$ cat entry_33.csv   # CSV, N, CA and C atoms
chain,number,residue,atom,x,y,z
A,1,MET,N,0.8,-1.2,0.0
A,1,MET,CA,0.0,0.0,0.0
A,1,MET,C,0.9,1.2,0.0
A,2,VAL,N,0.5,2.2,-0.8
A,2,VAL,CA,1.3,3.5,-0.9
A,2,VAL,C,0.9,4.4,0.2
A,3,LYS,N,1.9,4.9,0.9
A,3,LYS,CA,1.7,5.9,2.0
A,3,LYS,C,1.2,7.2,1.4
A,4,PRO,N,0.1,7.7,2.0
A,4,PRO,CA,-0.5,9.0,1.5
A,4,PRO,C,0.5,10.1,1.6
A,5,ALA,N,0.6,11.0,0.6
A,5,ALA,CA,1.4,12.1,0.6
A,5,ALA,C,0.9,13.2,1.6
A,6,GLN,N,1.9,13.8,2.2
A,6,GLN,CA,1.5,14.9,3.2
A,6,GLN,C,2.3,16.1,2.8
A,7,LEU,N,1.6,17.2,2.9
A,7,LEU,CA,2.3,18.5,2.6
A,7,LEU,C,2.9,19.0,3.9
A,8,ARG,N,4.2,19.2,3.8
A,8,ARG,CA,5.0,19.7,5.0
A,8,ARG,C,4.6,21.1,5.3
A,9,ALA,N,4.7,21.5,6.6
A,9,ALA,CA,4.3,22.8,7.1
A,9,ALA,C,5.0,23.9,6.3
A,10,VAL,N,6.3,23.7,6.1
A,10,VAL,CA,7.1,24.7,5.4
A,10,VAL,C,6.7,24.9,4.0
A,11,ALA,N,6.2,23.8,3.3
A,11,ALA,CA,5.7,23.9,2.0
A,11,ALA,C,4.4,24.6,2.0
A,12,ALA,N,3.5,24.4,2.9
A,12,ALA,CA,2.3,25.1,3.0
A,12,ALA,C,2.5,26.6,3.2
A,13,ASP,N,3.5,26.9,4.0
A,13,ASP,CA,3.8,28.3,4.3
A,13,ASP,C,4.3,28.9,3.0
A,14,ASP,N,5.2,28.2,2.2
A,14,ASP,CA,5.7,28.7,0.9
A,14,ASP,C,4.5,29.0,0.0
A,15,ILE,N,3.6,28.1,-0.1
A,15,ILE,CA,2.4,28.2,-1.0
A,15,ILE,C,1.6,29.4,-0.6
A,16,GLU,N,1.4,29.6,0.7
A,16,GLU,CA,0.6,30.7,1.2
A,16,GLU,C,1.3,32.1,0.8
A,17,ARG,N,2.6,32.1,1.0
A,17,ARG,CA,3.3,33.3,0.7
A,17,ARG,C,3.3,33.6,-0.8
A,18,ALA,N,3.4,32.5,-1.6
A,18,ALA,CA,3.3,32.7,-3.1
A,18,ALA,C,1.9,33.2,-3.5
A,19,VAL,N,0.9,32.7,-2.9
A,19,VAL,CA,-0.5,33.1,-3.3
A,19,VAL,C,-0.6,34.6,-2.9
A,20,ASP,N,-0.2,35.0,-1.7
A,20,ASP,CA,-0.2,36.4,-1.2
A,20,ASP,C,0.5,37.3,-2.2
A,21,HIS,N,1.7,36.8,-2.6
A,21,HIS,CA,2.5,37.6,-3.6
A,21,HIS,C,1.8,37.8,-4.9
A,22,TYR,N,1.2,36.7,-5.4
A,22,TYR,CA,0.5,36.8,-6.7
A,22,TYR,C,-0.8,37.7,-6.5
A,23,LEU,N,-1.5,37.6,-5.4
A,23,LEU,CA,-2.6,38.5,-5.2
A,23,LEU,C,-2.2,39.9,-5.2
A,24,ASP,N,-1.1,40.2,-4.5
A,24,ASP,CA,-0.6,41.6,-4.4
A,24,ASP,C,0.0,42.2,-5.7
A,25,LYS,N,0.8,41.4,-6.4
A,25,LYS,CA,1.5,41.9,-7.6
A,25,LYS,C,0.8,41.6,-8.9
A,26,ALA,N,0.0,40.6,-9.0
A,26,ALA,CA,-0.6,40.2,-10.3
A,26,ALA,C,-2.1,40.1,-10.3
A,27,GLY,N,-2.7,40.1,-9.1
A,27,GLY,CA,-4.2,40.0,-9.0
A,27,GLY,C,-4.8,38.6,-8.8
A,28,ALA,N,-6.1,38.6,-8.6
A,28,ALA,CA,-6.8,37.4,-8.1
A,28,ALA,C,-6.8,36.3,-9.2
A,29,ASP,N,-6.8,36.7,-10.5
A,29,ASP,CA,-6.8,35.7,-11.6
A,29,ASP,C,-5.6,34.9,-11.6
A,30,VAL,N,-4.4,35.6,-11.5
A,30,VAL,CA,-3.1,34.9,-11.5
A,30,VAL,C,-3.0,34.0,-10.3
A,31,ALA,N,-3.4,34.5,-9.1
A,31,ALA,CA,-3.3,33.7,-7.9
A,31,ALA,C,-4.2,32.5,-8.0
A,32,ALA,N,-5.4,32.6,-8.6
A,32,ALA,CA,-6.3,31.5,-8.8
A,32,ALA,C,-5.7,30.5,-9.7
A,33,ARG,N,-5.1,30.9,-10.8
A,33,ARG,CA,-4.4,30.0,-11.7
A,33,ARG,C,-3.3,29.3,-11.1
A,34,PHE,N,-2.5,30.0,-10.2
A,34,PHE,CA,-1.5,29.3,-9.5
A,34,PHE,C,-2.0,28.2,-8.6
A,35,VAL,N,-3.1,28.5,-7.9
A,35,VAL,CA,-3.7,27.5,-7.0
A,35,VAL,C,-4.2,26.3,-7.8
A,36,ASP,N,-4.9,26.6,-8.9
A,36,ASP,CA,-5.4,25.6,-9.8
A,36,ASP,C,-4.3,24.7,-10.3
A,37,SER,N,-3.2,25.3,-10.7
A,37,SER,CA,-2.0,24.5,-11.1
A,37,SER,C,-1.5,23.6,-10.0
A,38,LEU,N,-1.4,24.1,-8.8
A,38,LEU,CA,-0.9,23.3,-7.7
A,38,LEU,C,-1.9,22.1,-7.4
A,39,GLU,N,-3.2,22.4,-7.5
A,39,GLU,CA,-4.2,21.4,-7.2
A,39,GLU,C,-4.1,20.3,-8.3
A,40,GLU,N,-3.9,20.7,-9.5
A,40,GLU,CA,-3.8,19.7,-10.6
A,40,GLU,C,-2.6,18.8,-10.4
A,41,ARG,N,-1.5,19.4,-10.0
A,41,ARG,CA,-0.2,18.7,-9.8
A,41,ARG,C,-0.4,17.7,-8.6
A,42,TRP,N,-1.0,18.2,-7.6
A,42,TRP,CA,-1.2,17.4,-6.4
A,42,TRP,C,-2.1,16.2,-6.7
A,43,ALA,N,-3.1,16.4,-7.6
A,43,ALA,CA,-4.0,15.3,-7.9
A,43,ALA,C,-3.3,14.2,-8.7
A,44,GLY,N,-2.3,14.6,-9.4
A,44,GLY,CA,-1.5,13.6,-10.2
A,44,GLY,C,-0.4,13.0,-9.4
A,45,TRP,N,-0.2,13.4,-8.1
A,45,TRP,CA,0.9,12.9,-7.3
A,45,TRP,C,1.0,11.4,-7.2
A,46,PRO,N,-0.1,10.7,-6.9
A,46,PRO,CA,0.0,9.2,-6.7
A,46,PRO,C,0.6,8.5,-8.0
A,47,ASP,N,0.4,9.1,-9.2
A,47,ASP,CA,0.9,8.5,-10.4
A,47,ASP,C,2.3,8.7,-10.6
A,48,SER,N,2.9,9.6,-9.9
A,48,SER,CA,4.3,10.0,-10.1
A,48,SER,C,5.1,9.9,-8.8
A,49,ARG,N,4.8,9.0,-7.9
A,49,ARG,CA,5.4,9.0,-6.6
A,49,ARG,C,7.0,8.9,-6.7
A,50,ARG,N,7.5,8.1,-7.6
A,50,ARG,CA,8.9,7.9,-7.7
A,50,ARG,C,9.6,8.8,-8.7
A,51,SER,N,8.9,9.8,-9.2
A,51,SER,CA,9.6,10.7,-10.2
A,51,SER,C,10.1,11.9,-9.4
A,52,GLY,N,10.9,12.6,-10.0
A,52,GLY,CA,11.5,13.8,-9.4
A,52,GLY,C,13.0,13.5,-9.0
A,53,GLN,N,13.7,14.6,-8.7
A,53,GLN,CA,15.1,14.6,-8.4
A,53,GLN,C,15.3,14.3,-6.9
A,54,LEU,N,16.2,13.4,-6.6
A,54,LEU,CA,16.5,13.0,-5.2
A,54,LEU,C,17.6,13.8,-4.6
A,55,ARG,N,18.3,14.6,-5.4
A,55,ARG,CA,19.5,15.3,-4.9
A,55,ARG,C,19.3,16.1,-3.6
A,56,PHE,N,18.3,16.9,-3.5
A,56,PHE,CA,18.1,17.6,-2.2
A,56,PHE,C,17.8,16.7,-1.0
A,57,GLY,N,17.1,15.6,-1.3
A,57,GLY,CA,16.9,14.7,-0.2
A,57,GLY,C,18.2,14.2,0.4
A,58,TYR,N,19.1,13.9,-0.5
A,58,TYR,CA,20.5,13.4,0.0
A,58,TYR,C,21.2,14.6,0.7
A,59,GLU,N,21.1,15.8,0.2
A,59,GLU,CA,21.8,16.9,0.8
A,59,GLU,C,21.2,17.3,2.1
A,60,LEU,N,19.9,17.1,2.3
A,60,LEU,CA,19.2,17.5,3.5
A,60,LEU,C,19.0,16.4,4.5
A,61,GLY,N,19.4,15.2,4.1
A,61,GLY,CA,19.2,14.0,4.9
A,61,GLY,C,17.7,13.6,5.1
A,62,ILE,N,16.9,13.9,4.1
A,62,ILE,CA,15.5,13.5,4.2
A,62,ILE,C,15.3,12.4,3.1
A,63,PRO,N,15.2,11.2,3.6
A,63,PRO,CA,15.0,10.1,2.6
A,63,PRO,C,13.8,10.2,1.8
A,64,ASP,N,13.9,9.9,0.5
A,64,ASP,CA,12.9,9.9,-0.5
A,64,ASP,C,12.3,11.3,-0.8
A,65,LEU,N,12.9,12.4,-0.3
A,65,LEU,CA,12.5,13.7,-0.7
A,65,LEU,C,12.8,13.9,-2.2
A,66,ARG,N,11.8,14.3,-3.0
A,66,ARG,CA,12.0,14.5,-4.4
A,66,ARG,C,11.5,15.9,-4.7
A,67,THR,N,12.2,16.5,-5.7
A,67,THR,CA,11.8,17.8,-6.1
A,67,THR,C,11.6,17.9,-7.6
A,68,TRP,N,10.8,18.8,-8.0
A,68,TRP,CA,10.5,19.0,-9.4
A,68,TRP,C,10.7,20.5,-9.7
A,69,PRO,N,11.3,20.8,-10.9
A,69,PRO,CA,11.5,22.2,-11.3
A,69,PRO,C,10.2,22.9,-11.5

$ encode --input "entry_33.csv" --output "structure tokens"
Amino acid sequence: MVKPAQLRAVAADDIERAVDHYLDKAGADVAARFVDSLEERWAGWPDSRRSGQLRFGYELGIPDLRTWP
């Protein structure tokens, strides 16, 4: 069984700051598109559990941490 993905608190904080930035600098439409894009990516997460770069996981000592550009 695949372990459910969980959003780390620091990632949630980063997302909140990004949304606030887009709201302030580009408006509600851009902020909403950013959120939609994140939700779309998150929905596809179970299909791509083992994709992504492991480099930062090794550097930070967090096993299986993967990043995407």

$ closest_residue --input "entry_33.csv" --among "A:Glu39, A:Phe34, A:Arg66, A:Gln6" --to "A:Ala18" --atoms "only N, CA and C atoms"
A:Phe34

$ select_by_dssp --input "entry_33.csv" --residues "chain A" --states "helix (DSSP H, G or I)" --output "number ranges by chain"
A: 9-25, 28-43, 45-48, 55-60

$ atom_distance --input "entry_33.csv" --atom1 "atom N of A:Gly52" --atom2 "atom N of A:Glu16"
22.2 Å

$ atom_distance --input "entry_33.csv" --atom1 "atom CA of A:Val19" --atom2 "atom CA of A:Ser37"
11.7 Å

$ closest_residue --input "entry_33.csv" --among "A:Thr67, A:Val35, A:Gly61, A:Ala28" --to "A:Ile15" --atoms "only C-alpha atoms"
A:Val35

$ atom_distance --input "entry_33.csv" --atom1 "atom C of A:Ile62" --atom2 "atom CA of A:Asp20"
28.9 Å

$ decode --input "entry_33.csv" --residues "stretch 31-45 of chain A" --atoms "all heavy atoms" --output "tab-separated table (two decimals), in the first residue's frame"
chain	number	residue	atom	x	y	z
A	31	ALA	N	-3.39	34.54	-9.15
A	31	ALA	CA	-3.33	33.75	-7.92
A	31	ALA	C	-4.19	32.50	-8.03
A	31	ALA	O	-3.78	31.41	-7.62
A	31	ALA	CB	-3.74	34.59	-6.72
A	32	ALA	N	-5.38	32.65	-8.60
A	32	ALA	CA	-6.29	31.50	-8.76
A	32	ALA	C	-5.70	30.47	-9.73
A	32	ALA	O	-5.80	29.26	-9.49
A	32	ALA	CB	-7.65	31.97	-9.25
A	33	ARG	N	-5.07	30.95	-10.81
A	33	ARG	CA	-4.44	30.01	-11.75
A	33	ARG	C	-3.28	29.27	-11.09
A	33	ARG	O	-3.06	28.08	-11.35
A	33	ARG	CB	-3.99	30.74	-13.01
A	33	ARG	CG	-5.16	31.16	-13.87
A	33	ARG	CD	-4.78	31.57	-15.29
A	33	ARG	NE	-3.49	32.19	-15.46
A	33	ARG	CZ	-3.30	33.49	-15.69
A	33	ARG	NH1	-4.33	34.31	-15.78
A	33	ARG	NH2	-2.09	33.96	-15.86
A	34	PHE	N	-2.54	29.95	-10.23
A	34	PHE	CA	-1.46	29.31	-9.49
A	34	PHE	C	-2.01	28.20	-8.60
A	34	PHE	O	-1.50	27.08	-8.59
A	34	PHE	CB	-0.71	30.35	-8.65
A	34	PHE	CG	0.31	29.77	-7.73
A	34	PHE	CD1	1.50	29.27	-8.21
A	34	PHE	CD2	0.09	29.74	-6.36
A	34	PHE	CE1	2.46	28.72	-7.35
A	34	PHE	CE2	1.02	29.21	-5.49
A	34	PHE	CZ	2.23	28.70	-6.00
A	35	VAL	N	-3.07	28.49	-7.87
A	35	VAL	CA	-3.70	27.50	-6.99
A	35	VAL	C	-4.24	26.33	-7.82
A	35	VAL	O	-4.04	25.16	-7.46
A	35	VAL	CB	-4.80	28.13	-6.12
A	35	VAL	CG1	-5.61	27.07	-5.40
A	35	VAL	CG2	-4.20	29.12	-5.14
A	36	ASP	N	-4.89	26.63	-8.95
A	36	ASP	CA	-5.40	25.57	-9.82
A	36	ASP	C	-4.28	24.66	-10.30
A	36	ASP	O	-4.42	23.44	-10.35
A	36	ASP	CB	-6.13	26.16	-11.02
A	36	ASP	CG	-7.46	26.81	-10.66
A	36	ASP	OD1	-7.96	26.55	-9.54
A	36	ASP	OD2	-7.98	27.57	-11.50
A	37	SER	N	-3.16	25.26	-10.66
A	37	SER	CA	-2.01	24.50	-11.13
A	37	SER	C	-1.47	23.58	-10.03
A	37	SER	O	-1.14	22.41	-10.27
A	37	SER	CB	-0.91	25.46	-11.60
A	37	SER	OG	0.23	24.76	-12.00
A	38	LEU	N	-1.39	24.11	-8.82
A	38	LEU	CA	-0.93	23.29	-7.69
A	38	LEU	C	-1.89	22.13	-7.43
A	38	LEU	O	-1.45	20.99	-7.21
A	38	LEU	CB	-0.83	24.13	-6.42
A	38	LEU	CG	0.37	25.04	-6.29
A	38	LEU	CD1	0.22	25.91	-5.05
A	38	LEU	CD2	1.66	24.25	-6.25
A	39	GLU	N	-3.18	22.41	-7.46
A	39	GLU	CA	-4.16	21.36	-7.21
A	39	GLU	C	-4.11	20.29	-8.29
A	39	GLU	O	-4.22	19.09	-7.99
A	39	GLU	CB	-5.56	21.96	-7.11
A	39	GLU	CG	-5.76	22.75	-5.83
A	39	GLU	CD	-7.10	23.46	-5.77
A	39	GLU	OE1	-7.80	23.57	-6.80
A	39	GLU	OE2	-7.44	23.93	-4.67
A	40	GLU	N	-3.89	20.70	-9.53
A	40	GLU	CA	-3.79	19.74	-10.62
A	40	GLU	C	-2.56	18.84	-10.43
A	40	GLU	O	-2.62	17.64	-10.61
A	40	GLU	CB	-3.69	20.49	-11.95
A	40	GLU	CG	-3.62	19.59	-13.15
A	40	GLU	CD	-3.55	20.40	-14.44
A	40	GLU	OE1	-4.32	21.37	-14.58
A	40	GLU	OE2	-2.72	20.05	-15.29
A	41	ARG	N	-1.46	19.44	-10.05
A	41	ARG	CA	-0.22	18.68	-9.82
A	41	ARG	C	-0.41	17.73	-8.63
A	41	ARG	O	0.02	16.59	-8.66
A	41	ARG	CB	0.95	19.62	-9.58
A	41	ARG	CG	2.23	18.92	-9.32
A	41	ARG	CD	2.64	18.11	-10.55
A	41	ARG	NE	3.78	17.31	-10.21
A	41	ARG	CZ	3.86	16.01	-10.45
A	41	ARG	NH1	2.90	15.38	-11.06
A	41	ARG	NH2	4.93	15.34	-10.10
A	42	TRP	N	-1.01	18.22	-7.59
A	42	TRP	CA	-1.23	17.40	-6.39
A	42	TRP	C	-2.11	16.20	-6.71
A	42	TRP	O	-1.87	15.10	-6.23
A	42	TRP	CB	-1.85	18.25	-5.29
A	42	TRP	CG	-1.91	17.57	-3.96
A	42	TRP	CD1	-2.99	16.96	-3.41
A	42	TRP	CD2	-0.84	17.38	-3.04
A	42	TRP	NE1	-2.66	16.43	-2.19
A	42	TRP	CE2	-1.35	16.66	-1.93
A	42	TRP	CE3	0.50	17.75	-3.03
A	42	TRP	CZ2	-0.55	16.31	-0.85
A	42	TRP	CZ3	1.28	17.40	-1.94
A	42	TRP	CH2	0.75	16.69	-0.87
A	43	ALA	N	-3.13	16.40	-7.55
A	43	ALA	CA	-4.03	15.31	-7.93
A	43	ALA	C	-3.29	14.22	-8.67
A	43	ALA	O	-3.63	13.04	-8.56
A	43	ALA	CB	-5.18	15.84	-8.78
A	44	GLY	N	-2.26	14.58	-9.43
A	44	GLY	CA	-1.48	13.59	-10.17
A	44	GLY	C	-0.36	12.96	-9.37
A	44	GLY	O	0.35	12.08	-9.86
A	45	TRP	N	-0.21	13.39	-8.14
A	45	TRP	CA	0.90	12.92	-7.30
A	45	TRP	C	0.97	11.40	-7.19
A	45	TRP	O	2.05	10.84	-7.36
A	45	TRP	CB	0.76	13.54	-5.91
A	45	TRP	CG	1.92	13.26	-5.01
A	45	TRP	CD1	2.23	12.08	-4.44
A	45	TRP	CD2	2.91	14.18	-4.59
A	45	TRP	NE1	3.35	12.22	-3.67
A	45	TRP	CE2	3.79	13.49	-3.75
A	45	TRP	CE3	3.13	15.52	-4.84
A	45	TRP	CZ2	4.89	14.11	-3.16
A	45	TRP	CZ3	4.21	16.13	-4.25
A	45	TRP	CH2	5.08	15.42	-3.42
